[in-house]
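Data file: work-v2.cif. Format and content: mmCIF, C-alpha atoms.
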```cif
data_start
loop_
_atom_site.group_PDB
_atom_site.id
_atom_site.type_symbol
_atom_site.label_atom_id
_atom_site.label_comp_id
_atom_site.auth_asym_id
_atom_site.auth_seq_id
_atom_site.Cartn_x
_atom_site.Cartn_y
_atom_site.Cartn_z
ATOM 1 C CA MET Y 31 21.950 -13.558 10.487
ATOM 2 C CA SER Y 32 18.674 -14.959 11.779
ATOM 3 C CA PHE Y 33 16.256 -13.777 14.436
ATOM 4 C CA GLU Y 34 14.606 -16.420 16.542
ATOM 5 C CA GLY Y 35 11.275 -15.956 18.261
ATOM 6 C CA ASP Y 36 8.394 -17.896 19.750
ATOM 7 C CA ARG Y 37 5.916 -18.405 16.907
ATOM 8 C CA ARG Y 38 3.110 -18.718 19.471
ATOM 9 C CA ASN Y 39 4.096 -15.843 21.758
ATOM 10 C CA PRO Y 40 0.834 -13.948 22.456
ATOM 11 C CA ALA Y 41 2.778 -10.787 23.347
ATOM 12 C CA SER Y 42 4.022 -10.459 19.752
ATOM 13 C CA SER Y 43 2.053 -9.315 16.718
ATOM 14 C CA GLY Y 44 0.716 -12.067 14.546
ATOM 15 C CA LEU Y 45 0.514 -13.370 11.017
ATOM 16 C CA THR Y 46 -2.338 -15.736 10.169
ATOM 17 C CA VAL Y 47 -2.049 -18.190 7.267
ATOM 18 C CA VAL Y 48 -5.419 -19.080 5.721
ATOM 19 C CA ASP Y 49 -6.431 -21.761 3.207
ATOM 20 C CA PRO Y 50 -8.503 -19.703 0.704
ATOM 21 C CA VAL Y 51 -10.344 -22.767 -0.618
ATOM 22 C CA LYS Y 52 -11.457 -24.189 2.716
ATOM 23 C CA ASP Y 53 -11.573 -20.798 4.500
ATOM 24 C CA GLU Y 54 -9.641 -22.361 7.351
ATOM 25 C CA VAL Y 55 -6.718 -21.112 9.415
ATOM 26 C CA ILE Y 56 -3.628 -23.210 8.703
ATOM 27 C CA THR Y 57 -1.303 -21.708 11.287
ATOM 28 C CA GLU Y 58 -0.361 -18.499 13.074
ATOM 29 C CA TYR Y 59 3.004 -16.915 13.767
ATOM 30 C CA ARG Y 60 3.444 -14.687 16.812
ATOM 31 C CA LEU Y 61 6.918 -13.255 16.451
ATOM 32 C CA PHE Y 62 6.599 -9.902 14.697
ATOM 33 C CA GLY Y 63 7.085 -6.387 16.008
ATOM 34 C CA PRO Y 64 4.172 -4.165 17.039
ATOM 35 C CA ARG Y 65 1.586 -2.746 14.663
ATOM 36 C CA PRO Y 66 2.313 -4.670 11.441
ATOM 37 C CA ASN Y 67 0.935 -3.025 8.301
ATOM 38 C CA GLU Y 68 0.694 -3.974 4.612
ATOM 39 C CA ILE Y 69 2.723 -7.089 3.779
ATOM 40 C CA GLU Y 70 4.302 -8.298 0.537
ATOM 41 C CA VAL Y 71 5.694 -11.670 -0.549
ATOM 42 C CA THR Y 72 7.943 -12.822 -3.366
ATOM 43 C CA SER Y 73 6.139 -14.708 -6.129
ATOM 44 C CA ASP Y 74 7.569 -18.055 -5.026
ATOM 45 C CA GLY Y 75 6.071 -17.515 -1.577
ATOM 46 C CA ARG Y 76 9.476 -17.718 0.108
ATOM 47 C CA TYR Y 77 10.158 -14.252 1.555
ATOM 48 C CA LEU Y 78 7.547 -12.170 3.333
ATOM 49 C CA TYR Y 79 8.188 -8.505 4.168
ATOM 50 C CA VAL Y 80 6.278 -7.232 7.215
ATOM 51 C CA PRO Y 81 6.354 -3.535 8.218
ATOM 52 C CA ALA Y 82 6.605 -3.346 12.027
ATOM 53 C CA ARG Y 83 5.488 0.221 12.548
ATOM 54 C CA GLY Y 84 6.168 0.347 16.274
ATOM 55 C CA HIS Y 85 9.793 -0.789 15.911
ATOM 56 C CA GLY Y 86 10.730 1.263 12.836
ATOM 57 C CA VAL Y 87 11.823 -1.811 10.878
ATOM 58 C CA TYR Y 88 10.681 -4.073 8.062
ATOM 59 C CA GLU Y 89 10.944 -7.701 9.133
ATOM 60 C CA VAL Y 90 11.811 -10.358 6.545
ATOM 61 C CA PHE Y 91 10.199 -13.720 7.255
ATOM 62 C CA ASP Y 92 11.427 -16.906 5.573
ATOM 63 C CA THR Y 93 8.348 -19.075 5.065
ATOM 64 C CA VAL Y 94 10.444 -22.233 4.633
ATOM 65 C CA GLN Y 95 12.563 -21.803 7.761
ATOM 66 C CA GLU Y 96 9.560 -20.226 9.536
ATOM 67 C CA LYS Y 97 11.599 -17.474 11.136
ATOM 68 C CA ILE Y 98 12.620 -13.851 10.733
ATOM 69 C CA ILE Y 99 15.922 -13.722 8.852
ATOM 70 C CA ALA Y 100 16.462 -9.956 8.611
ATOM 71 C CA ARG Y 101 15.273 -6.662 10.030
ATOM 72 C CA ILE Y 102 15.639 -3.557 7.881
ATOM 73 C CA PRO Y 103 15.619 -0.245 9.806
ATOM 74 C CA VAL Y 104 14.060 2.782 8.116
ATOM 75 C CA ASP Y 105 13.190 6.342 9.016
ATOM 76 C CA GLY Y 106 9.582 7.067 9.940
ATOM 77 C CA PHE Y 107 6.784 4.531 10.374
ATOM 78 C CA PRO Y 108 7.055 1.339 8.254
ATOM 79 C CA HIS Y 109 3.760 1.201 6.398
ATOM 80 C CA ASN Y 110 3.633 -0.141 2.819
ATOM 81 C CA VAL Y 111 5.744 -2.361 0.555
ATOM 82 C CA VAL Y 112 5.528 -3.679 -3.011
ATOM 83 C CA VAL Y 113 7.699 -6.175 -4.888
ATOM 84 C CA SER Y 114 9.000 -5.753 -8.426
ATOM 85 C CA PRO Y 115 7.496 -8.141 -11.016
ATOM 86 C CA ASP Y 116 10.828 -9.966 -11.336
ATOM 87 C CA ASP Y 117 11.129 -10.328 -7.529
ATOM 88 C CA ARG Y 118 14.487 -8.553 -7.581
ATOM 89 C CA TYR Y 119 13.517 -5.576 -5.418
ATOM 90 C CA MET Y 120 11.177 -4.631 -2.624
ATOM 91 C CA TYR Y 121 10.126 -0.981 -2.437
ATOM 92 C CA LEU Y 122 9.487 0.212 1.105
ATOM 93 C CA SER Y 123 7.216 3.178 1.826
ATOM 94 C CA ALA Y 124 7.397 4.559 5.365
ATOM 95 C CA TYR Y 125 5.417 7.620 6.399
ATOM 96 C CA ASP Y 126 6.309 9.748 9.451
ATOM 97 C CA ARG Y 127 4.991 11.807 12.369
ATOM 98 C CA GLY Y 128 4.320 14.830 10.158
ATOM 99 C CA SER Y 129 3.651 17.966 12.193
ATOM 100 C CA ARG Y 130 3.398 16.109 15.497
ATOM 101 C CA SER Y 131 6.201 16.750 17.954
ATOM 102 C CA ALA Y 132 8.917 14.166 18.482
ATOM 103 C CA GLU Y 133 8.141 14.233 22.192
ATOM 104 C CA ALA Y 134 4.467 13.342 21.702
ATOM 105 C CA VAL Y 135 5.287 10.508 19.332
ATOM 106 C CA ALA Y 136 8.045 9.155 21.574
ATOM 107 C CA ALA Y 137 5.610 9.084 24.485
ATOM 108 C CA GLU Y 138 3.513 6.639 22.436
ATOM 109 C CA GLY Y 139 6.532 4.434 21.799
ATOM 110 C CA GLN Y 140 6.641 5.303 18.098
ATOM 111 C CA PRO Y 141 9.637 6.243 15.896
ATOM 112 C CA THR Y 142 10.366 9.970 15.863
ATOM 113 C CA THR Y 143 12.401 10.202 12.649
ATOM 114 C CA LEU Y 144 11.098 11.870 9.491
ATOM 115 C CA ASN Y 145 11.096 10.204 6.081
ATOM 116 C CA LYS Y 146 10.778 11.582 2.543
ATOM 117 C CA LYS Y 147 12.003 8.688 0.423
ATOM 118 C CA ILE Y 148 11.304 5.202 -0.880
ATOM 119 C CA TYR Y 149 13.778 2.509 0.177
ATOM 120 C CA VAL Y 150 14.958 0.068 -2.503
ATOM 121 C CA VAL Y 151 15.827 -3.362 -1.065
ATOM 122 C CA ASP Y 152 17.647 -6.146 -2.917
ATOM 123 C CA THR Y 153 15.737 -9.357 -2.161
ATOM 124 C CA SER Y 154 18.842 -11.512 -2.611
ATOM 125 C CA THR Y 155 20.517 -9.858 0.378
ATOM 126 C CA HIS Y 156 17.539 -8.208 2.107
ATOM 127 C CA SER Y 157 19.523 -4.984 2.312
ATOM 128 C CA VAL Y 158 18.919 -1.399 1.198
ATOM 129 C CA VAL Y 159 20.733 -0.644 -2.061
ATOM 130 C CA ALA Y 160 19.250 2.783 -2.867
ATOM 131 C CA THR Y 161 16.655 5.377 -1.932
ATOM 132 C CA ILE Y 162 14.392 7.522 -4.139
ATOM 133 C CA PRO Y 163 13.352 11.008 -2.911
ATOM 134 C CA THR Y 164 9.607 11.711 -2.658
ATOM 135 C CA GLU Y 165 9.491 15.399 -1.544
ATOM 136 C CA ASN Y 166 7.137 14.535 1.338
ATOM 137 C CA ALA Y 167 6.363 11.438 3.388
ATOM 138 C CA PRO Y 168 5.206 8.610 1.078
ATOM 139 C CA ARG Y 169 1.926 6.823 1.681
ATOM 140 C CA PRO Y 170 0.381 4.021 -0.461
ATOM 141 C CA ILE Y 171 2.382 2.962 -3.520
ATOM 142 C CA ALA Y 172 1.682 0.944 -6.673
ATOM 143 C CA ILE Y 173 4.111 -0.528 -9.178
ATOM 144 C CA SER Y 174 3.483 -0.829 -12.917
ATOM 145 C CA PRO Y 175 3.169 -4.402 -14.267
ATOM 146 C CA ASP Y 176 6.361 -3.916 -16.302
ATOM 147 C CA GLY Y 177 8.289 -2.791 -13.212
ATOM 148 C CA GLN Y 178 9.374 0.505 -14.777
ATOM 149 C CA ARG Y 179 7.307 2.977 -12.741
ATOM 150 C CA LEU Y 180 6.275 3.439 -9.140
ATOM 151 C CA TYR Y 181 3.203 5.571 -8.401
ATOM 152 C CA VAL Y 182 3.297 7.181 -4.959
ATOM 153 C CA ASN Y 183 0.732 9.042 -2.851
ATOM 154 C CA THR Y 184 2.490 11.449 -0.494
ATOM 155 C CA ASP Y 185 1.536 13.808 2.288
ATOM 156 C CA ASN Y 186 0.563 17.305 1.119
ATOM 157 C CA LEU Y 187 -0.128 16.214 -2.461
ATOM 158 C CA LEU Y 188 -3.601 15.750 -3.918
ATOM 159 C CA GLY Y 189 -2.415 13.361 -6.568
ATOM 160 C CA PHE Y 190 0.676 11.216 -6.918
ATOM 161 C CA LEU Y 191 4.309 11.096 -7.946
ATOM 162 C CA VAL Y 192 5.567 9.056 -10.882
ATOM 163 C CA LEU Y 193 8.974 7.530 -10.109
ATOM 164 C CA ASP Y 194 11.360 6.158 -12.721
ATOM 165 C CA LEU Y 195 12.636 2.964 -11.083
ATOM 166 C CA ALA Y 196 15.581 2.456 -13.433
ATOM 167 C CA GLY Y 197 16.814 6.017 -12.960
ATOM 168 C CA ARG Y 198 15.549 6.104 -9.339
ATOM 169 C CA LYS Y 199 14.163 9.614 -9.647
ATOM 170 C CA ILE Y 200 10.909 11.571 -9.827
ATOM 171 C CA LEU Y 201 9.532 11.899 -13.351
ATOM 172 C CA HIS Y 202 6.248 13.704 -12.723
ATOM 173 C CA ARG Y 203 4.205 15.338 -9.976
ATOM 174 C CA VAL Y 204 0.565 14.771 -10.923
ATOM 175 C CA THR Y 205 -2.398 16.592 -9.318
ATOM 176 C CA TYR Y 206 -6.154 16.045 -9.395
ATOM 177 C CA ASP Y 207 -8.455 18.208 -11.521
ATOM 178 C CA LEU Y 208 -10.959 19.883 -9.176
ATOM 179 C CA LEU Y 209 -14.097 21.518 -10.561
ATOM 180 C CA SER Y 210 -14.835 24.570 -8.423
ATOM 181 C CA ALA Y 211 -13.485 26.915 -5.777
ATOM 182 C CA GLU Y 212 -15.814 25.313 -3.244
ATOM 183 C CA GLU Y 213 -14.463 21.880 -4.063
ATOM 184 C CA LYS Y 214 -10.888 23.096 -3.878
ATOM 185 C CA ALA Y 215 -11.574 24.556 -0.441
ATOM 186 C CA ILE Y 216 -12.303 21.099 1.019
ATOM 187 C CA PRO Y 217 -9.168 19.825 2.780
ATOM 188 C CA SER Y 218 -8.378 16.312 1.619
ATOM 189 C CA ARG Y 219 -5.564 13.864 0.972
ATOM 190 C CA SER Y 220 -4.631 11.000 -1.308
ATOM 191 C CA HIS Y 221 -4.424 7.603 0.357
ATOM 192 C CA GLY Y 222 -4.960 4.743 -2.058
ATOM 193 C CA ILE Y 223 -3.579 4.056 -5.526
ATOM 194 C CA GLY Y 224 -3.538 1.268 -8.102
ATOM 195 C CA VAL Y 225 -2.465 0.528 -11.680
ATOM 196 C CA THR Y 226 -4.752 -1.359 -14.059
ATOM 197 C CA PRO Y 227 -3.296 -4.735 -15.105
ATOM 198 C CA ASP Y 228 -3.230 -3.578 -18.737
ATOM 199 C CA GLN Y 229 -0.993 -0.689 -17.640
ATOM 200 C CA LYS Y 230 -3.245 1.973 -19.168
ATOM 201 C CA GLU Y 231 -4.617 3.748 -16.101
ATOM 202 C CA VAL Y 232 -3.868 4.798 -12.534
ATOM 203 C CA TRP Y 233 -6.751 5.162 -10.069
ATOM 204 C CA SER Y 234 -6.082 7.270 -6.958
ATOM 205 C CA THR Y 235 -8.398 8.140 -4.055
ATOM 206 C CA ASP Y 236 -9.475 11.560 -2.784
ATOM 207 C CA VAL Y 237 -10.297 10.820 0.845
ATOM 208 C CA ASN Y 238 -12.466 13.688 2.042
ATOM 209 C CA ARG Y 239 -14.307 14.272 -1.240
ATOM 210 C CA GLY Y 240 -15.333 10.634 -1.631
ATOM 211 C CA LEU Y 241 -13.817 10.259 -5.088
ATOM 212 C CA VAL Y 242 -11.375 8.130 -7.026
ATOM 213 C CA HIS Y 243 -9.565 9.959 -9.839
ATOM 214 C CA VAL Y 244 -8.630 8.130 -13.045
ATOM 215 C CA PHE Y 245 -5.546 8.967 -15.120
ATOM 216 C CA ASP Y 246 -4.341 7.804 -18.527
ATOM 217 C CA ILE Y 247 -0.716 6.812 -17.905
ATOM 218 C CA ARG Y 248 0.007 6.199 -21.576
ATOM 219 C CA LYS Y 249 0.282 9.992 -21.767
ATOM 220 C CA ASP Y 250 3.458 11.622 -20.521
ATOM 221 C CA PRO Y 251 2.795 13.113 -18.034
ATOM 222 C CA PRO Y 252 -0.355 11.198 -17.048
ATOM 223 C CA GLN Y 253 -3.624 12.985 -17.843
ATOM 224 C CA GLN Y 254 -6.837 12.806 -15.832
ATOM 225 C CA ILE Y 255 -9.717 11.345 -17.844
ATOM 226 C CA THR Y 256 -12.518 11.182 -15.265
ATOM 227 C CA ARG Y 257 -13.397 10.647 -11.626
ATOM 228 C CA VAL Y 258 -15.845 8.306 -9.929
ATOM 229 C CA LYS Y 259 -17.906 8.808 -6.783
ATOM 230 C CA THR Y 260 -17.244 6.336 -3.967
ATOM 231 C CA GLY Y 261 -18.402 5.839 -0.401
ATOM 232 C CA ASN Y 262 -17.201 7.899 2.542
ATOM 233 C CA ILE Y 263 -13.439 8.186 3.121
ATOM 234 C CA PRO Y 264 -12.119 5.958 0.301
ATOM 235 C CA SER Y 265 -8.765 4.397 1.150
ATOM 236 C CA TRP Y 266 -6.963 1.462 -0.467
ATOM 237 C CA VAL Y 267 -7.893 0.098 -3.892
ATOM 238 C CA THR Y 268 -7.392 -3.225 -5.627
ATOM 239 C CA PHE Y 269 -8.150 -4.597 -9.098
ATOM 240 C CA THR Y 270 -9.354 -8.016 -10.127
ATOM 241 C CA PRO Y 271 -6.650 -9.968 -12.026
ATOM 242 C CA ASP Y 272 -8.516 -9.476 -15.320
ATOM 243 C CA GLY Y 273 -8.595 -5.710 -14.756
ATOM 244 C CA LYS Y 274 -12.351 -5.454 -15.255
ATOM 245 C CA THR Y 275 -13.278 -4.413 -11.718
ATOM 246 C CA ILE Y 276 -11.781 -2.163 -9.060
ATOM 247 C CA TYR Y 277 -12.703 -2.378 -5.387
ATOM 248 C CA VAL Y 278 -12.399 0.728 -3.193
ATOM 249 C CA ALA Y 279 -12.439 0.381 0.605
ATOM 250 C CA ASN Y 280 -14.530 3.148 2.217
ATOM 251 C CA THR Y 281 -13.481 3.345 5.854
ATOM 252 C CA GLY Y 282 -15.953 6.094 6.742
ATOM 253 C CA ASP Y 283 -19.157 4.158 6.064
ATOM 254 C CA ASP Y 284 -18.034 0.522 6.260
ATOM 255 C CA THR Y 285 -18.531 -0.200 2.562
ATOM 256 C CA ILE Y 286 -16.679 -1.434 -0.519
ATOM 257 C CA SER Y 287 -17.362 0.342 -3.824
ATOM 258 C CA VAL Y 288 -17.410 -2.107 -6.753
ATOM 259 C CA ILE Y 289 -16.628 -0.145 -9.928
ATOM 260 C CA ASP Y 290 -16.583 -1.293 -13.555
ATOM 261 C CA VAL Y 291 -13.236 -0.188 -14.979
ATOM 262 C CA ALA Y 292 -14.399 0.105 -18.600
ATOM 263 C CA SER Y 293 -17.542 2.173 -18.006
ATOM 264 C CA LYS Y 294 -16.244 3.963 -14.891
ATOM 265 C CA LYS Y 295 -19.595 3.239 -13.198
ATOM 266 C CA GLU Y 296 -20.312 1.813 -9.758
ATOM 267 C CA ARG Y 297 -21.851 -1.660 -10.055
ATOM 268 C CA ALA Y 298 -22.484 -2.298 -6.374
ATOM 269 C CA LEU Y 299 -21.834 -1.085 -2.858
ATOM 270 C CA ILE Y 300 -20.993 -3.849 -0.395
ATOM 271 C CA GLN Y 301 -21.776 -3.274 3.290
ATOM 272 C CA VAL Y 302 -19.154 -5.059 5.382
ATOM 273 C CA GLY Y 303 -20.573 -4.520 8.850
ATOM 274 C CA LYS Y 304 -20.911 -1.545 11.151
ATOM 275 C CA GLY Y 305 -17.607 -0.422 12.616
ATOM 276 C CA LYS Y 306 -15.453 -2.662 10.393
ATOM 277 C CA ALA Y 307 -13.765 0.318 8.655
ATOM 278 C CA PRO Y 308 -12.388 -1.702 5.699
ATOM 279 C CA LYS Y 309 -8.903 -0.836 4.524
ATOM 280 C CA ARG Y 310 -6.603 -3.191 2.658
ATOM 281 C CA MET Y 311 -8.111 -5.783 0.344
ATOM 282 C CA LEU Y 312 -6.865 -8.699 -1.716
ATOM 283 C CA VAL Y 313 -8.520 -10.319 -4.748
ATOM 284 C CA LEU Y 314 -7.714 -14.006 -5.232
ATOM 285 C CA THR Y 315 -8.417 -16.458 -8.011
ATOM 286 C CA VAL Y 316 -9.446 -19.533 -6.022
ATOM 287 C CA ARG Y 317 -9.997 -22.946 -7.554
ATOM 288 C CA SER Y 318 -13.488 -24.348 -7.219
ATOM 289 C CA GLY Y 319 -14.285 -27.357 -5.101
ATOM 290 C CA ARG Y 320 -13.428 -28.373 -1.584
#
```
For the structure just supplied, provide its representation as structure tokens.
Amino acid sequence: MSFEGDRRNPASSGLTVVDPVKDEVITEYRLFGPRPNEIEVTSDGRYLYVPARGHGVYEVFDTVQEKIIARIPVDGFPHNVVVSPDDRYMYLSAYDRGSRSAEAVAAEGQPTTLNKKIYVVDTSTHSVVATIPTENAPRPIAISPDGQRLYVNTDNLLGFLVLDLAGRKILHRVTYDLLSAEEKAIPSRSHGIGVTPDQKEVWSTDVNRGLVHVFDIRKDPPQQITRVKTGNIPSWVTFTPDGKTIYVANTGDDTISVIDVASKKERALIQVGKGKAPKRMLVLTVRSGR
């Protein structure tokens, strides 16, 4: 089944394709549902998964046919997605309205359903083949380089869940080490998580305390080894391909923390412009020359 649409329709949400060498826009597609969030693509560049938050579906875009070929309905608000290293599965993380009333959310044209699970989608059929419970609504997710574990921030958890992807179950519920009663009294949440490329550590943000917590995941369960100060309201994180540097997007003060992974020290703080509120980031290895 395919879903046709006008690729230039200004009323639809867009996807912009950019040449990273020339820093030029190649094309734009205007056929997606409202409020698209974090996207993911198979390693061959063929299938792109786009969360359409306003429609409660993940849209699957075929980059060869240049059209949407599937829409996958989920509970809650489609938000994040990661692909397994072998491209066999997409893992869909949809959060939900939380304590807000269904009536208030419906008045905004948003999905009213609740969600406390990760959806497992087979990329050969673009269909849901399983779900994994997460106790509360899942937020950002990160997959281990070997494809065996999924690390999940959730609502109401200062820390993360460790999911066994083969067994499709929760292995561990990991919480941050806080240093004092005063610190513990600060309401906060976890909303950004990443795995080092060498598969030794997980880094997870502590939004209202301006911290990123570091865990040794070679231990079972993972053990916290340190924490690093960031800018205000740290959100998503990303590592360089060599694993030497982590970037943390600080939405509260329009900065990016540049942290050395080995020393656990901040190397720089990049100002991205007043009001930009950086969130998701991507590190690319781009060939030199024009």
Problem - Selection under test: the PyMOL selection byres ((chain Y and resi 185-196) around 9); residues as a VMD selection string - result: chain Y and resid 125 128 162 164 to 169 177 to 184 197 to 206 218 to 221 223 234 to 236 243 251 to 252
Same residues, C-alpha atoms, saved as an mmCIF file, keeping the file's coordinate frame:
```cif
data_model
loop_
_atom_site.group_PDB
_atom_site.id
_atom_site.type_symbol
_atom_site.label_atom_id
_atom_site.label_comp_id
_atom_site.auth_asym_id
_atom_site.auth_seq_id
_atom_site.Cartn_x
_atom_site.Cartn_y
_atom_site.Cartn_z
ATOM 1 C CA TYR Y 125 5.417 7.620 6.399
ATOM 2 C CA GLY Y 128 4.320 14.830 10.158
ATOM 3 C CA ILE Y 162 14.392 7.522 -4.139
ATOM 4 C CA THR Y 164 9.607 11.711 -2.658
ATOM 5 C CA GLU Y 165 9.491 15.399 -1.544
ATOM 6 C CA ASN Y 166 7.137 14.535 1.338
ATOM 7 C CA ALA Y 167 6.363 11.438 3.388
ATOM 8 C CA PRO Y 168 5.206 8.610 1.078
ATOM 9 C CA ARG Y 169 1.926 6.823 1.681
ATOM 10 C CA GLY Y 177 8.289 -2.791 -13.212
ATOM 11 C CA GLN Y 178 9.374 0.505 -14.777
ATOM 12 C CA ARG Y 179 7.307 2.977 -12.741
ATOM 13 C CA LEU Y 180 6.275 3.439 -9.140
ATOM 14 C CA TYR Y 181 3.203 5.571 -8.401
ATOM 15 C CA VAL Y 182 3.297 7.181 -4.959
ATOM 16 C CA ASN Y 183 0.732 9.042 -2.851
ATOM 17 C CA THR Y 184 2.490 11.449 -0.494
ATOM 18 C CA GLY Y 197 16.814 6.017 -12.960
ATOM 19 C CA ARG Y 198 15.549 6.104 -9.339
ATOM 20 C CA LYS Y 199 14.163 9.614 -9.647
ATOM 21 C CA ILE Y 200 10.909 11.571 -9.827
ATOM 22 C CA LEU Y 201 9.532 11.899 -13.351
ATOM 23 C CA HIS Y 202 6.248 13.704 -12.723
ATOM 24 C CA ARG Y 203 4.205 15.338 -9.976
ATOM 25 C CA VAL Y 204 0.565 14.771 -10.923
ATOM 26 C CA THR Y 205 -2.398 16.592 -9.318
ATOM 27 C CA TYR Y 206 -6.154 16.045 -9.395
ATOM 28 C CA SER Y 218 -8.378 16.312 1.619
ATOM 29 C CA ARG Y 219 -5.564 13.864 0.972
ATOM 30 C CA SER Y 220 -4.631 11.000 -1.308
ATOM 31 C CA HIS Y 221 -4.424 7.603 0.357
ATOM 32 C CA ILE Y 223 -3.579 4.056 -5.526
ATOM 33 C CA SER Y 234 -6.082 7.270 -6.958
ATOM 34 C CA THR Y 235 -8.398 8.140 -4.055
ATOM 35 C CA ASP Y 236 -9.475 11.560 -2.784
ATOM 36 C CA HIS Y 243 -9.565 9.959 -9.839
ATOM 37 C CA PRO Y 251 2.795 13.113 -18.034
ATOM 38 C CA PRO Y 252 -0.355 11.198 -17.048
#
```
Handout entry: atom CA of Ala211 of chain Y to atom CA of Thr281 of chain Y, distance in Å rounded to a single decimal
Key = 26.3 Å
Return the padded bounding box of segment 58-64 of chain Y as AutoDock Vina command-line options: axis-aligned, built from all atoms listed in the file, 5 Å added on each side, with centre and edge lengths in Å to one decimal.
```
--center_x 3.4 --center_y -11.3 --center_z 15.1 --size_x 17.4 --size_y 24.3 --size_z 14.0
```
Going by the chain IDs and residue numbers used in this file, which residues fall under the PyMOL selection byres ((chain Y and resi 151-159) around 8)? Write them as a compact mmCIF listing (two decimals) with C-alpha atoms, in the frame of the given file.
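So the final result, stored in expr_23.txt, reads:
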```
# COMPACT_ATOMS: atom_id res chain seq x y z
CA VAL Y 90 11.81 -10.36 6.54
CA ALA Y 100 16.46 -9.96 8.61
CA ILE Y 102 15.64 -3.56 7.88
CA ASP Y 117 11.13 -10.33 -7.53
CA ARG Y 118 14.49 -8.55 -7.58
CA TYR Y 119 13.52 -5.58 -5.42
CA MET Y 120 11.18 -4.63 -2.62
CA TYR Y 121 10.13 -0.98 -2.44
CA LEU Y 122 9.49 0.21 1.10
CA TYR Y 149 13.78 2.51 0.18
CA VAL Y 150 14.96 0.07 -2.50
CA ALA Y 160 19.25 2.78 -2.87
CA THR Y 161 16.66 5.38 -1.93
```
Practice task
Using all atoms listed in the file, determine which residues lie at most 9 Å from Gln140 of chain Y, disregarding the query and same-chain residues fewer than 6 positions distant; provide the list as a list in words.
Solution key: Arg83, Gly84, His85, Gly86, Gly106, Phe107 and Arg127 of chain Y
Practice task
Compare Y:Ala132, Y:Asp116, Y:Ser287, Y:Val104 by their minimum atom-to-atom distance to Lys146 of chain Y, counting only C-alpha atoms, and give me the closest one.
Solution key: Y:Val104
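The nearest approach to Leu314 of chain Y among the residues Y:Thr270, Y:Thr275, Y:Asn110, Y:Ser293, with all atoms listed in the file taken into account, belongs to Y:Thr270.
Straight-line separation from atom CA of Asp176 of chain Y to atom CA of Asp207 of chain Y: 27.1 Å.
Taking all atoms listed in the file into account, Glu68 of chain Y lies nearest to Y:Trp266 out of the set Y:Trp266, Y:Ala215, Y:Val242, Y:Ser129.
A straight line drawn from atom CA of Ser114 of chain Y to atom CA of Glu70 of chain Y is 10.4 Å long.
In this comparison, which uses only C-alpha atoms, the residue of Y:Trp233, Y:Tyr277, Y:Tyr77, Y:Phe245 approaching Phe91 of chain Y most closely is Y:Tyr77.
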Exercise for the section: For Pro308 of chain Y, please output as a list in words all residues within 12 Å (counting all atoms listed in the file; exclusion window: fewer than 5 positions along the same chain). Expected result: Gly261, Asn262, Ile263, Pro264, Ser265, Trp266, Val267, Tyr277, Val278, Ala279, Asn280, Thr281, Gly282, Asp283, Asp284, Thr285, Ile286, Ser287, Ile300, Gln301, Val302 and Gly303 of chain Y
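Using only C-alpha atoms, the smallest distance between any of Y:Ser174, Y:Asn67, Y:Thr57, Y:Asn145 and Ile247 of chain Y comes from Y:Ser174.
For the set Y:Ile148, Y:Ile69, Y:Ala82, Y:Val51, the residue with the smallest atom-to-atom gap to Arg310 of chain Y is Y:Ile69, counting all atoms listed in the file.
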Handout entry: Who sits within 8 Å of segment 225-227 of chain Y, all atoms listed in the file, same chain under 6 positions skipped, as a PyMOL selection string
Key = chain Y and resi 172-175+233+269+271-273
